[in-house]
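Enquirer: For reference, this is query.txt, and it has compact mmCIF, C-alpha atoms.
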# COMPACT_ATOMS: atom_id res chain seq x y z
CA MET E 1178 -6.71 -19.60 37.25
CA THR E 1179 -4.65 -21.96 35.13
CA LEU E 1180 -5.18 -21.32 31.44
CA SER E 1181 -3.34 -24.22 29.85
CA GLU E 1182 -4.79 -27.01 27.70
CA GLU E 1183 -3.76 -30.66 27.91
CA PHE E 1184 -3.02 -32.65 24.76
CA ILE E 1185 -5.16 -35.81 24.46
CA SER E 1186 -4.83 -37.09 20.89
CA ARG E 1187 -3.94 -36.07 17.35
CA GLU E 1188 -5.41 -36.56 13.91
CA GLU E 1189 -2.96 -35.71 11.12
CA ILE E 1190 -4.95 -34.38 8.18
CA PHE E 1191 -2.52 -33.05 5.59
CA HIS E 1192 1.19 -32.77 4.82
CA GLY E 1193 1.74 -30.17 2.13
CA ARG E 1194 4.58 -28.40 0.37
CA ILE E 1195 4.25 -25.44 2.74
CA VAL E 1196 1.77 -26.20 5.52
CA ASP E 1197 0.70 -29.23 7.53
CA LEU E 1198 -2.69 -29.49 9.20
CA ARG E 1199 -3.57 -31.47 12.32
CA VAL E 1200 -6.58 -31.59 14.58
CA ASP E 1201 -5.66 -32.14 18.22
CA THR E 1202 -8.12 -33.05 20.93
CA VAL E 1203 -7.33 -31.19 24.16
CA ARG E 1204 -8.71 -30.93 27.68
CA LEU E 1205 -9.71 -27.38 28.69
CA PRO E 1206 -9.22 -25.92 32.19
CA ASN E 1207 -12.89 -26.76 32.96
CA GLY E 1208 -12.35 -30.43 32.05
CA HIS E 1209 -14.27 -30.23 28.75
CA LEU E 1210 -12.74 -31.77 25.67
CA THR E 1211 -12.48 -29.74 22.49
CA THR E 1212 -10.52 -29.80 19.25
CA ARG E 1213 -7.80 -27.42 18.08
CA GLU E 1214 -7.19 -27.09 14.34
CA VAL E 1215 -3.49 -26.32 14.02
CA ILE E 1216 -1.75 -25.30 10.80
CA ASP E 1217 1.99 -25.85 11.01
CA HIS E 1218 4.11 -23.45 8.99
CA PRO E 1219 7.94 -23.25 8.87
CA GLY E 1220 8.00 -19.53 9.72
CA GLY E 1221 9.56 -16.77 7.72
CA VAL E 1222 11.33 -13.45 7.53
CA ALA E 1223 10.46 -9.97 6.28
CA ILE E 1224 12.88 -7.11 5.73
CA VAL E 1225 12.46 -3.33 5.91
CA ALA E 1226 15.34 -2.48 3.56
CA ILE E 1227 16.07 1.25 3.48
CA ASP E 1228 18.36 2.90 0.92
CA GLU E 1229 20.45 6.02 1.50
CA ASP E 1230 17.64 8.29 0.22
CA ASP E 1231 15.23 6.81 2.81
CA ASN E 1232 13.32 4.73 0.28
CA VAL E 1233 12.01 1.33 1.35
CA LEU E 1234 12.18 -1.62 -1.04
CA THR E 1235 8.80 -3.24 -1.65
CA VAL E 1236 7.81 -6.14 -3.85
CA LYS E 1237 4.59 -6.64 -5.79
CA GLN E 1238 3.44 -10.16 -6.32
CA TYR E 1239 0.23 -11.98 -7.13
CA ARG E 1240 -1.35 -13.48 -4.03
CA TYR E 1241 -3.53 -16.33 -5.19
CA ALA E 1242 -5.45 -16.57 -1.88
CA PHE E 1243 -6.72 -13.01 -2.47
CA GLY E 1244 -6.78 -13.04 -6.29
CA THR E 1245 -4.81 -9.83 -6.48
CA VAL E 1246 -1.35 -8.28 -6.56
CA LEU E 1247 -0.22 -7.08 -3.13
CA GLU E 1248 2.65 -4.76 -2.28
CA GLU E 1249 4.68 -6.11 0.63
CA LEU E 1250 8.11 -6.08 2.20
CA PRO E 1251 10.57 -8.56 0.70
CA ALA E 1252 9.90 -11.76 2.63
CA GLY E 1253 10.00 -15.52 2.46
CA LYS E 1254 9.85 -18.78 4.29
CA LEU E 1255 12.63 -20.24 6.38
CA GLU E 1256 14.31 -23.27 4.86
CA ARG E 1257 14.69 -26.21 7.23
CA GLY E 1258 17.15 -25.34 9.98
CA GLU E 1259 18.00 -21.98 8.42
CA ASP E 1260 19.10 -19.11 10.64
CA PRO E 1261 16.53 -16.28 10.32
CA ALA E 1262 19.18 -13.58 9.70
CA ALA E 1263 20.71 -15.69 6.91
CA ALA E 1264 17.22 -16.20 5.46
CA ALA E 1265 16.61 -12.44 5.55
CA ARG E 1266 19.81 -11.76 3.57
CA ARG E 1267 18.94 -14.56 1.11
CA GLU E 1268 15.35 -13.39 0.50
CA LEU E 1269 16.36 -9.73 0.17
CA SER E 1270 18.92 -10.70 -2.45
CA GLU E 1271 16.61 -13.09 -4.35
CA GLU E 1272 13.67 -10.70 -4.49
CA THR E 1273 15.40 -7.34 -4.98
CA GLY E 1274 19.07 -8.03 -5.80
CA ALA E 1275 20.11 -6.03 -2.73
CA SER E 1276 22.78 -6.91 -0.19
CA CYS E 1277 23.02 -5.05 3.10
CA GLU E 1278 25.87 -3.97 5.32
CA THR E 1279 23.76 -3.91 8.50
CA LEU E 1280 20.85 -6.16 9.45
CA THR E 1281 19.04 -5.20 12.67
CA SER E 1282 16.42 -7.38 14.31
CA LEU E 1283 12.98 -5.80 14.77
CA GLY E 1284 11.70 -8.81 16.73
CA GLU E 1285 9.23 -11.52 15.87
CA ILE E 1286 5.53 -11.44 15.17
CA LEU E 1287 3.03 -14.29 15.19
CA ALA E 1288 0.84 -14.09 12.09
CA SER E 1289 -2.30 -15.61 13.62
CA PRO E 1290 -1.61 -17.33 16.93
CA GLY E 1291 -5.08 -18.84 17.36
CA GLY E 1292 -4.18 -21.80 15.20
CA PHE E 1293 -1.30 -21.01 12.87
CA THR E 1294 2.29 -21.62 13.99
CA GLU E 1295 3.90 -19.10 11.60
CA VAL E 1296 6.53 -16.93 13.34
CA LEU E 1297 7.80 -14.01 11.26
CA HIS E 1298 11.23 -12.58 12.04
CA LEU E 1299 11.36 -8.90 11.11
CA TYR E 1300 14.57 -7.10 10.19
CA MET E 1301 15.73 -3.68 9.12
CA ALA E 1302 18.45 -3.67 6.45
CA THR E 1303 20.66 -0.65 5.71
CA GLY E 1304 23.85 0.02 3.80
CA LEU E 1305 22.36 -1.47 0.62
CA THR E 1306 24.27 -2.37 -2.53
CA PHE E 1307 22.47 -3.67 -5.59
CA GLY E 1308 23.17 -6.67 -7.80
CA SER E 1309 20.61 -8.45 -9.94
CA GLN E 1310 17.30 -9.85 -8.74
CA HIS E 1311 17.18 -13.67 -8.92
CA PRO E 1312 13.85 -15.01 -7.78
CA ASP E 1313 12.98 -18.71 -7.98
CA GLU E 1314 12.03 -19.87 -11.48
CA ASP E 1315 8.33 -19.93 -10.56
CA GLU E 1316 8.31 -16.66 -8.61
CA PHE E 1317 7.14 -13.47 -10.38
CA ILE E 1318 8.03 -10.33 -8.51
CA ASP E 1319 8.31 -6.66 -9.34
CA PHE E 1320 10.14 -4.46 -6.90
CA GLU E 1321 9.84 -0.77 -6.14
CA ARG E 1322 11.49 1.90 -4.02
CA VAL E 1323 8.96 3.86 -1.99
CA PRO E 1324 9.84 6.91 0.16
CA PHE E 1325 9.58 5.91 3.83
CA ASP E 1326 7.03 8.63 4.65
CA THR E 1327 4.83 7.60 1.71
CA LEU E 1328 4.91 3.96 2.75
CA LEU E 1329 4.12 4.90 6.36
CA ARG E 1330 1.03 6.82 5.26
CA ARG E 1331 -0.04 3.98 2.96
CA CYS E 1332 0.21 1.57 5.92
CA LEU E 1333 -1.96 3.89 8.01
CA SER E 1334 -4.55 4.54 5.28
CA GLY E 1335 -5.17 0.84 4.70
CA ASP E 1336 -3.70 0.93 1.19
CA ILE E 1337 -0.99 -1.49 2.38
CA ARG E 1338 -2.77 -4.43 4.02
CA ASP E 1339 -0.12 -7.09 4.51
CA GLY E 1340 0.28 -7.52 8.28
CA LYS E 1341 4.05 -8.06 8.37
CA THR E 1342 4.57 -4.98 6.18
CA VAL E 1343 2.39 -2.81 8.43
CA ALA E 1344 4.14 -4.12 11.56
CA GLY E 1345 7.66 -3.75 10.13
CA VAL E 1346 7.23 -0.24 8.75
CA LEU E 1347 5.45 1.00 11.89
CA LYS E 1348 8.14 -0.52 14.13
CA VAL E 1349 10.82 1.43 12.27
CA TYR E 1350 8.72 4.61 12.46
CA ALA E 1351 8.14 4.23 16.23
CA LEU E 1352 11.78 3.41 16.95
CA ARG E 1353 12.92 6.45 14.95
CA THR E 1354 10.42 8.75 16.62
CA LEU E 1355 11.21 7.59 20.15
CA HIS E 1356 14.93 7.83 19.42
CA LYS E 1357 14.51 11.45 18.24
CA GLU E 1358 12.47 12.32 21.36
CA GLU E 1359 15.19 10.89 23.58
CA GLN E 1360 17.96 12.98 21.94
CA MET L 1481 4.52 -8.41 -17.06
CA THR L 1482 1.25 -9.97 -15.97
CA LEU L 1483 1.50 -11.50 -12.54
CA SER L 1484 -1.80 -13.33 -12.22
CA GLU L 1485 -2.37 -17.07 -11.85
CA GLU L 1486 -5.12 -19.03 -13.57
CA PHE L 1487 -7.26 -21.50 -11.63
CA ILE L 1488 -7.18 -25.01 -13.12
CA SER L 1489 -8.63 -27.41 -10.55
CA ARG L 1490 -9.34 -27.85 -6.86
CA GLU L 1491 -8.88 -30.58 -4.28
CA GLU L 1492 -10.86 -29.96 -1.09
CA ILE L 1493 -8.92 -31.41 1.81
CA PHE L 1494 -10.63 -30.39 5.04
CA HIS L 1495 -13.69 -28.59 6.38
CA GLY L 1496 -13.15 -27.70 10.01
CA ARG L 1497 -14.84 -25.76 12.77
CA ILE L 1498 -12.67 -22.73 12.03
CA VAL L 1499 -10.61 -23.29 8.88
CA ASP L 1500 -11.03 -25.08 5.57
CA LEU L 1501 -8.08 -26.28 3.50
CA ARG L 1502 -7.95 -26.72 -0.27
CA VAL L 1503 -5.17 -27.34 -2.74
CA ASP L 1504 -5.71 -25.56 -6.04
CA THR L 1505 -3.74 -26.26 -9.19
CA VAL L 1506 -2.96 -23.02 -11.04
CA ARG L 1507 -1.17 -21.94 -14.19
CA LEU L 1508 1.69 -19.49 -13.58
CA PRO L 1509 2.56 -16.58 -15.89
CA ASN L 1510 5.30 -18.75 -17.47
CA GLY L 1511 2.77 -21.49 -18.30
CA HIS L 1512 4.02 -23.88 -15.62
CA LEU L 1513 1.47 -25.61 -13.40
CA THR L 1514 1.87 -25.50 -9.64
CA THR L 1515 -0.27 -26.01 -6.56
CA ARG L 1516 -1.44 -23.41 -4.04
CA GLU L 1517 -2.31 -24.58 -0.52
CA VAL L 1518 -5.05 -22.22 0.65
CA ILE L 1519 -6.41 -22.06 4.18
CA ASP L 1520 -9.81 -20.39 4.28
CA HIS L 1521 -10.62 -18.48 7.46
CA PRO L 1522 -13.73 -16.39 8.20
CA GLY L 1523 -11.70 -13.30 9.18
CA GLY L 1524 -11.82 -11.43 12.43
CA VAL L 1525 -11.57 -8.23 14.40
CA ALA L 1526 -9.18 -6.78 16.98
CA ILE L 1527 -9.77 -3.73 19.14
CA VAL L 1528 -7.38 -1.17 20.66
CA ALA L 1529 -9.69 -0.13 23.52
CA ILE L 1530 -8.33 2.86 25.44
CA ASP L 1531 -9.74 4.06 28.76
CA GLU L 1532 -9.75 7.66 30.00
CA ASP L 1533 -6.39 7.19 31.76
CA ASP L 1534 -4.78 6.07 28.47
CA ASN L 1535 -4.65 2.41 29.44
CA VAL L 1536 -5.20 -0.20 26.74
CA LEU L 1537 -7.25 -3.32 27.50
CA THR L 1538 -5.36 -6.55 26.79
CA VAL L 1539 -6.37 -10.17 27.23
CA LYS L 1540 -4.22 -13.10 28.26
CA GLN L 1541 -5.20 -16.47 26.91
CA TYR L 1542 -3.60 -19.83 26.31
CA ARG L 1543 -2.64 -20.30 22.67
CA TYR L 1544 -2.48 -24.01 22.06
CA ALA L 1545 -0.53 -23.67 18.78
CA PHE L 1546 2.35 -22.09 20.77
CA GLY L 1547 1.83 -23.91 24.08
CA THR L 1548 1.85 -20.67 26.03
CA VAL L 1549 -0.23 -17.77 27.30
CA LEU L 1550 -0.06 -14.73 25.03
CA GLU L 1551 -1.11 -11.18 25.76
CA GLU L 1552 -3.11 -9.71 22.87
CA LEU L 1553 -5.74 -7.15 22.01
CA PRO L 1554 -9.33 -8.31 22.52
CA ALA L 1555 -10.19 -10.05 19.26
CA GLY L 1556 -12.28 -12.74 17.68
CA LYS L 1557 -13.61 -14.32 14.55
CA LEU L 1558 -16.42 -12.91 12.46
CA GLU L 1559 -19.64 -14.87 12.63
CA ARG L 1560 -21.17 -15.70 9.26
CA GLY L 1561 -22.36 -12.49 7.58
CA GLU L 1562 -21.52 -10.37 10.63
CA ASP L 1563 -20.62 -6.71 10.17
CA PRO L 1564 -17.01 -6.20 11.40
CA ALA L 1565 -17.89 -3.17 13.56
CA ALA L 1566 -20.69 -5.14 15.25
CA ALA L 1567 -18.25 -8.03 15.77
CA ALA L 1568 -15.74 -5.63 17.36
CA ARG L 1569 -18.35 -4.39 19.86
CA ARG L 1570 -19.43 -7.98 20.59
CA GLU L 1571 -15.91 -9.30 21.15
CA LEU L 1572 -14.87 -6.34 23.28
CA SER L 1573 -17.89 -6.88 25.49
CA GLU L 1574 -17.50 -10.67 25.71
CA GLU L 1575 -13.79 -10.59 26.51
CA THR L 1576 -13.54 -7.52 28.76
CA GLY L 1577 -17.08 -6.44 29.68
CA ALA L 1578 -16.46 -3.04 28.07
CA SER L 1579 -18.79 -1.09 25.81
CA CYS L 1580 -17.54 1.88 23.83
CA GLU L 1581 -19.04 5.19 22.80
CA THR L 1582 -16.77 5.57 19.74
CA LEU L 1583 -15.41 2.88 17.46
CA THR L 1584 -12.91 4.10 14.83
CA SER L 1585 -11.65 1.91 12.00
CA LEU L 1586 -7.87 1.43 11.85
CA GLY L 1587 -8.12 -0.46 8.55
CA GLU L 1588 -7.60 -4.11 7.70
CA ILE L 1589 -4.56 -6.32 7.82
CA LEU L 1590 -3.97 -9.67 6.12
CA ALA L 1591 -2.48 -12.13 8.60
CA SER L 1592 -0.43 -14.17 6.12
CA PRO L 1593 -1.46 -13.48 2.53
CA GLY L 1594 0.72 -16.19 0.96
CA GLY L 1595 -1.91 -18.83 1.62
CA PHE L 1596 -4.23 -17.83 4.43
CA THR L 1597 -7.39 -15.84 3.68
CA GLU L 1598 -7.75 -14.29 7.15
CA VAL L 1599 -8.56 -10.56 7.02
CA LEU L 1600 -8.37 -8.76 10.37
CA HIS L 1601 -10.38 -5.58 10.84
CA LEU L 1602 -8.67 -3.32 13.37
CA TYR L 1603 -10.53 -0.76 15.47
CA MET L 1604 -9.85 1.79 18.16
CA ALA L 1605 -12.51 2.00 20.89
CA THR L 1606 -12.85 4.96 23.24
CA GLY L 1607 -15.46 6.24 25.68
CA LEU L 1608 -15.44 2.94 27.56
CA THR L 1609 -17.96 1.84 30.19
CA PHE L 1610 -17.58 -1.45 32.00
CA GLY L 1611 -20.08 -4.23 32.63
CA SER L 1612 -19.20 -7.84 33.33
CA GLN L 1613 -16.98 -10.04 31.15
CA HIS L 1614 -18.93 -12.89 29.55
CA PRO L 1615 -16.68 -15.10 27.43
CA ASP L 1616 -17.95 -18.28 25.76
CA GLU L 1617 -18.27 -21.22 28.15
CA ASP L 1618 -15.08 -22.79 26.79
CA GLU L 1619 -13.04 -19.57 26.61
CA PHE L 1620 -10.63 -18.75 29.46
CA ILE L 1621 -9.44 -15.18 29.41
CA ASP L 1622 -7.86 -12.78 31.89
CA PHE L 1623 -7.88 -9.13 31.02
CA GLU L 1624 -5.56 -6.31 32.00
CA ARG L 1625 -5.23 -2.56 31.63
CA VAL L 1626 -1.79 -1.57 30.40
CA PRO L 1627 -0.60 2.06 30.06
CA PHE L 1628 -0.38 2.90 26.35
CA ASP L 1629 3.30 3.87 26.53
CA THR L 1630 4.18 0.62 28.31
CA LEU L 1631 2.33 -1.45 25.72
CA LEU L 1632 4.01 0.47 22.89
CA ARG L 1633 7.46 -0.29 24.31
CA ARG L 1634 6.51 -3.95 24.84
CA CYS L 1635 5.45 -4.15 21.17
CA LEU L 1636 8.80 -2.70 20.11
CA SER L 1637 10.91 -4.85 22.43
CA GLY L 1638 9.38 -8.09 21.13
CA ASP L 1639 7.70 -8.87 24.46
CA ILE L 1640 4.33 -8.62 22.67
CA ARG L 1641 4.51 -10.89 19.63
CA ASP L 1642 0.94 -11.16 18.34
CA GLY L 1643 0.92 -9.51 14.91
CA LYS L 1644 -2.51 -7.85 15.13
CA THR L 1645 -1.62 -6.40 18.54
CA VAL L 1646 1.67 -4.97 17.26
CA ALA L 1647 -0.05 -3.53 14.17
CA GLY L 1648 -3.00 -2.06 16.09
CA VAL L 1649 -0.97 -0.44 18.86
CA LEU L 1650 1.62 0.97 16.45
CA LYS L 1651 -1.11 2.35 14.16
CA VAL L 1652 -2.60 4.27 17.07
CA TYR L 1653 0.87 5.52 18.07
CA ALA L 1654 1.69 6.69 14.52
CA LEU L 1655 -1.70 8.37 14.02
CA ARG L 1656 -1.33 10.22 17.34
CA THR L 1657 2.23 11.29 16.59
CA LEU L 1658 1.46 12.52 13.06
CA HIS L 1659 -1.63 14.32 14.35
CA LYS L 1660 0.47 16.12 16.98
CA GLU L 1661 3.07 17.09 14.38
CA GLU L 1662 0.35 18.55 12.15
CA GLN L 1663 -1.09 20.74 14.94
What would you get if you wrote out this structure as structure tokens?

Expert:
Amino acid sequence: MTLSEEFISREEIFHGRIVDLRVDTVRLPNGHLTTREVIDHPGGVAIVAIDEDDNVLTVKQYRYAFGTVLEELPAGKLERGEDPAAAARRELSEETGASCETLTSLGEILASPGGFTEVLHLYMATGLTFGSQHPDEDEFIDFERVPFDTLLRRCLSGDIRDGKTVAGVLKVYALRTLHKEEQ
Amino acid sequence: MTLSEEFISREEIFHGRIVDLRVDTVRLPNGHLTTREVIDHPGGVAIVAIDEDDNVLTVKQYRYAFGTVLEELPAGKLERGEDPAAAARRELSEETGASCETLTSLGEILASPGGFTEVLHLYMATGLTFGSQHPDEDEFIDFERVPFDTLLRRCLSGDIRDGKTVAGVLKVYALRTLHKEEQ
């Protein structure tokens, strides 16, 4: 069975600072027409930055959509045309003041593929050196160092809820564990 | 330092079938005004359903926003006022035909907390029995059984990109591994 959907027409609803919204009419495999609400997002990066004592850098920032402060990996949006690895180094430096010797890709995740085009590029950063934090003027961020094992358990308990943080920390845990088993 | 943002005013942009979009003006901790683009989403569920041979049920469906078929955990949106555990049983049955004896919460994840209110409730389902798949009329879904270890490695390699699938599978892996270590 073919699963694809054929584009018929587009209504552009909104062009924002961060997201755009369009409603496309498409033809389904059964010939029916339906609409797809698509939110276009530039994509972003998130970094599992680990210091030499096996602490992970996390940032706390107010998330207006949830009306609360969340603890997350350092992360940010891609600027137009920006290479994801360069964006990861830039965001890590802006939010925590850290630079890294080694940046390792942990792959991409799709935040919500049903209708949201955000692709998140995950990285692990090691060999950290610290300068000063320099967030954007209108960005208010505290950062912390959390022992890897503590952060892992907080991801599992539901205390850490941000999806990219859960995925990034658990990817590092699984890669470490499988690597140890294979030794 | 206080991190919170004060609501000033709202512009409602779009009310859709699935998402709503609003642009709120807020006051930042430094007194500056800015706008927050917020996409409201009803939230959803995703299920790591594991059969007695340690296969995980996955579904393949066309994701219009990415123009491709993705392989993901069975998942779906919450209906208005629906209990997440009931939604998990409903979606698992609709998409794969499976019912489960035991449904265990794996916690919540936030798909993209910067501006998207989607909360995903993750579950593990075991003790599966199979009836017939009965997706919505306009839903086209193939389902597969994938050995847990294979799916784990596909999540780590980047072959599986859906964020909720990566988070759910890696949570089960980490819980199993820590449980074994504690024995």

Enquirer: Using all atoms listed in the file, find which residues of chain E lie within 7 Å of chain L and jot them down as a PyMOL selection string.

Expert: chain E and resi 1180-1182+1215+1238-1243+1284-1294+1317+1333-1335+1338-1340+1343-1344+1347-1348

Enquirer: I need the residue nearest L:Pro1554 from this list: L:Cys1580, L:Val1536, L:Ala1526, L:Ala1605. Use all atoms listed in the file for the distance.

Expert: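 Residue with the minimum atom-to-atom distance to L:Pro1554: L:Ala1526.
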
Enquirer: E:Leu1280: which residues within 7 Å, counting only C-alpha atoms, same-chain residues fewer than 6 positions away excluded, as a PyMOL selection string?

Expert: chain E and resi 1300-1303

Enquirer: Would you compute the box with edges along x, y and z of the file around stretch 1521-1538 of chain L, including every atom the file lists for it and 3 Å extra on each side, and give its centre and edge lengths in Å to one decimal, as JSON?

Expert:
{"center_x": -9.2, "center_y": -5.4, "center_z": 19.6, "size_x": 15.1, "size_y": 32.1, "size_z": 30.3}

Enquirer: Please compute the atom CA of L:Glu1574-atom CA of L:Gln1613 distance, one decimal, in Å.

Expert: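 Separation of atom CA of L:Glu1574 and atom CA of L:Gln1613: 5.5 Å.
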
Enquirer: Taking 4 positions as the minimum chain separation for residues in the same chain, which residues sit within 12 Å of E:Arg1257 when counting all atoms listed in the file? Answer as a ChimeraX atom specification.

Expert: /E:1195,1218-1221,1261,1264

Enquirer: What would the file look like if the residues just selected were written as a compact mmCIF listing (two decimals), in the coordinates of the input with C-alpha atoms?

Expert:
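Output contents, as saved in part.txt:
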# COMPACT_ATOMS: atom_id res chain seq x y z
CA ILE E 1195 4.25 -25.44 2.74
CA HIS E 1218 4.11 -23.45 8.99
CA PRO E 1219 7.94 -23.25 8.87
CA GLY E 1220 8.00 -19.53 9.72
CA GLY E 1221 9.56 -16.77 7.72
CA PRO E 1261 16.53 -16.28 10.32
CA ALA E 1264 17.22 -16.20 5.46

Enquirer: Can you tell me, as a list of chain:residue names, what residues are no more than 10 Å from E:Pro1312 when counting only C-alpha atoms, ignoring any on the same chain fewer than 6 positions away?

Expert: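 Once the nearby chain positions are removed, what remains is E:Glu1268, E:Leu1269, E:Ser1270, E:Glu1271, E:Glu1272, E:Thr1273, E:Gly1274, E:Ile1318.
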
Enquirer: Using Å and a single decimal, report how far atom CA of E:Thr1202 sits from atom CA of E:Leu1255.

Expert: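 For atom CA of E:Leu1255 relative to atom CA of E:Thr1202, the distance reads 28.4 Å.
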
Enquirer: Using all atoms listed in the file, which protein or nucleic acid residues come within 12 Å of E:Asp1230? Drop anything in the same chain fewer than 2 positions from it, and give the result as a PDB file with C-alpha atoms, in the frame of the given file.

Expert:
ATOM      1  CA  ALA E1226      15.340  -2.480   3.560  1.00  0.00           C
ATOM      2  CA  ILE E1227      16.070   1.250   3.480  1.00  0.00           C
ATOM      3  CA  ASP E1228      18.360   2.900   0.920  1.00  0.00           C
ATOM      4  CA  ASN E1232      13.320   4.730   0.280  1.00  0.00           C
ATOM      5  CA  VAL E1233      12.010   1.330   1.350  1.00  0.00           C
ATOM      6  CA  LEU E1234      12.180  -1.620  -1.040  1.00  0.00           C
ATOM      7  CA  THR E1303      20.660  -0.650   5.710  1.00  0.00           C
ATOM      8  CA  GLY E1304      23.850   0.020   3.800  1.00  0.00           C
ATOM      9  CA  LEU E1305      22.360  -1.470   0.620  1.00  0.00           C
ATOM     10  CA  ARG E1322      11.490   1.900  -4.020  1.00  0.00           C
ATOM     11  CA  VAL E1323       8.960   3.860  -1.990  1.00  0.00           C
ATOM     12  CA  PRO E1324       9.840   6.910   0.160  1.00  0.00           C
ATOM     13  CA  PHE E1325       9.580   5.910   3.830  1.00  0.00           C
ATOM     14  CA  ASP E1326       7.030   8.630   4.650  1.00  0.00           C
TER      15      ASP E1326
END

Enquirer: If I take atom CA of E:Ala1275 and atom CA of E:Leu1299, how far is one from the other in Å, to one decimal?

Expert: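 So the answer is 16.6 Å.
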
Enquirer: Which of these residues is nearest to E:Ile1224, using all atoms listed in the file: E:Arg1199, E:His1298, E:Arg1187, E:Arg1204?

Expert: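 Result for the nearest residue to E:Ile1224: E:His1298.
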
Enquirer: Find the residue from L:Glu1532, L:Ser1612, L:Arg1570, L:Glu1581 that sits nearest to L:Lys1557; use only C-alpha atoms when measuring.

Expert: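 The answer is L:Arg1570, which sits nearest to L:Lys1557.
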
Enquirer: What would stretch 1558-1613 of chain L look like if you wrote it out as a PDB file, in the first residue's frame, with C-alpha atoms included, from the block I just posted?

Expert:
ATOM      1  CA  LEU L1558      -5.624  13.013  23.508  1.00  0.00           C
ATOM      2  CA  GLU L1559      -9.313  13.549  22.927  1.00  0.00           C
ATOM      3  CA  ARG L1560     -10.852  16.360  24.952  1.00  0.00           C
ATOM      4  CA  GLY L1561     -10.827  15.435  28.647  1.00  0.00           C
ATOM      5  CA  GLU L1562      -9.500  11.936  27.940  1.00  0.00           C
ATOM      6  CA  ASP L1563      -7.417  10.164  30.575  1.00  0.00           C
ATOM      7  CA  PRO L1564      -3.913   9.536  29.117  1.00  0.00           C
ATOM      8  CA  ALA L1565      -3.860   5.842  30.118  1.00  0.00           C
ATOM      9  CA  ALA L1566      -7.234   5.295  28.424  1.00  0.00           C
ATOM     10  CA  ALA L1567      -5.914   7.127  25.347  1.00  0.00           C
ATOM     11  CA  ALA L1568      -2.847   4.863  25.311  1.00  0.00           C
ATOM     12  CA  ARG L1569      -5.027   1.726  25.319  1.00  0.00           C
ATOM     13  CA  ARG L1570      -7.274   3.222  22.616  1.00  0.00           C
ATOM     14  CA  GLU L1571      -4.416   4.237  20.306  1.00  0.00           C
ATOM     15  CA  LEU L1572      -2.574   0.948  20.733  1.00  0.00           C
ATOM     16  CA  SER L1573      -5.719  -0.932  19.791  1.00  0.00           C
ATOM     17  CA  GLU L1574      -6.609   1.334  16.852  1.00  0.00           C
ATOM     18  CA  GLU L1575      -3.136   1.326  15.332  1.00  0.00           C
ATOM     19  CA  THR L1576      -2.004  -2.258  15.985  1.00  0.00           C
ATOM     20  CA  GLY L1577      -5.034  -4.251  17.160  1.00  0.00           C
ATOM     21  CA  ALA L1578      -3.243  -5.038  20.436  1.00  0.00           C
ATOM     22  CA  SER L1579      -4.677  -4.945  23.939  1.00  0.00           C
ATOM     23  CA  CYS L1580      -2.411  -5.072  26.969  1.00  0.00           C
ATOM     24  CA  GLU L1581      -2.677  -6.607  30.407  1.00  0.00           C
ATOM     25  CA  THR L1582      -0.254  -4.116  32.007  1.00  0.00           C
ATOM     26  CA  LEU L1583       0.266  -0.467  31.182  1.00  0.00           C
ATOM     27  CA  THR L1584       3.162   1.217  33.031  1.00  0.00           C
ATOM     28  CA  SER L1585       3.785   4.956  32.951  1.00  0.00           C
ATOM     29  CA  LEU L1586       7.195   6.037  31.633  1.00  0.00           C
ATOM     30  CA  GLY L1587       6.510   9.689  32.493  1.00  0.00           C
ATOM     31  CA  GLU L1588       5.841  12.694  30.309  1.00  0.00           C
ATOM     32  CA  ILE L1589       7.973  14.523  27.799  1.00  0.00           C
ATOM     33  CA  LEU L1590       7.516  18.011  26.358  1.00  0.00           C
ATOM     34  CA  ALA L1591       7.971  17.907  22.587  1.00  0.00           C
ATOM     35  CA  SER L1592       9.363  21.434  22.160  1.00  0.00           C
ATOM     36  CA  PRO L1593       8.818  23.562  25.261  1.00  0.00           C
ATOM     37  CA  GLY L1594      10.059  26.824  23.739  1.00  0.00           C
ATOM     38  CA  GLY L1595       6.679  27.510  22.187  1.00  0.00           C
ATOM     39  CA  PHE L1596       4.669  24.338  21.735  1.00  0.00           C
ATOM     40  CA  THR L1597       2.383  23.113  24.536  1.00  0.00           C
ATOM     41  CA  GLU L1598       2.370  19.440  23.489  1.00  0.00           C
ATOM     42  CA  VAL L1599       2.848  17.071  26.447  1.00  0.00           C
ATOM     43  CA  LEU L1600       3.444  13.434  25.511  1.00  0.00           C
ATOM     44  CA  HIS L1601       2.570  10.735  28.034  1.00  0.00           C
ATOM     45  CA  LEU L1602       4.797   7.697  27.512  1.00  0.00           C
ATOM     46  CA  TYR L1603       3.770   4.177  28.499  1.00  0.00           C
ATOM     47  CA  MET L1604       5.109   0.653  28.381  1.00  0.00           C
ATOM     48  CA  ALA L1605       2.527  -2.013  27.520  1.00  0.00           C
ATOM     49  CA  THR L1606       3.056  -5.713  28.199  1.00  0.00           C
ATOM     50  CA  GLY L1607       0.891  -8.834  28.273  1.00  0.00           C
ATOM     51  CA  LEU L1608      -0.280  -8.202  24.710  1.00  0.00           C
ATOM     52  CA  THR L1609      -3.155  -9.961  22.956  1.00  0.00           C
ATOM     53  CA  PHE L1610      -3.983  -9.223  19.345  1.00  0.00           C
ATOM     54  CA  GLY L1611      -7.291  -8.408  17.680  1.00  0.00           C
ATOM     55  CA  SER L1612      -7.686  -6.528  14.418  1.00  0.00           C
ATOM     56  CA  GLN L1613      -6.205  -3.110  13.632  1.00  0.00           C
TER      57      GLN L1613
END
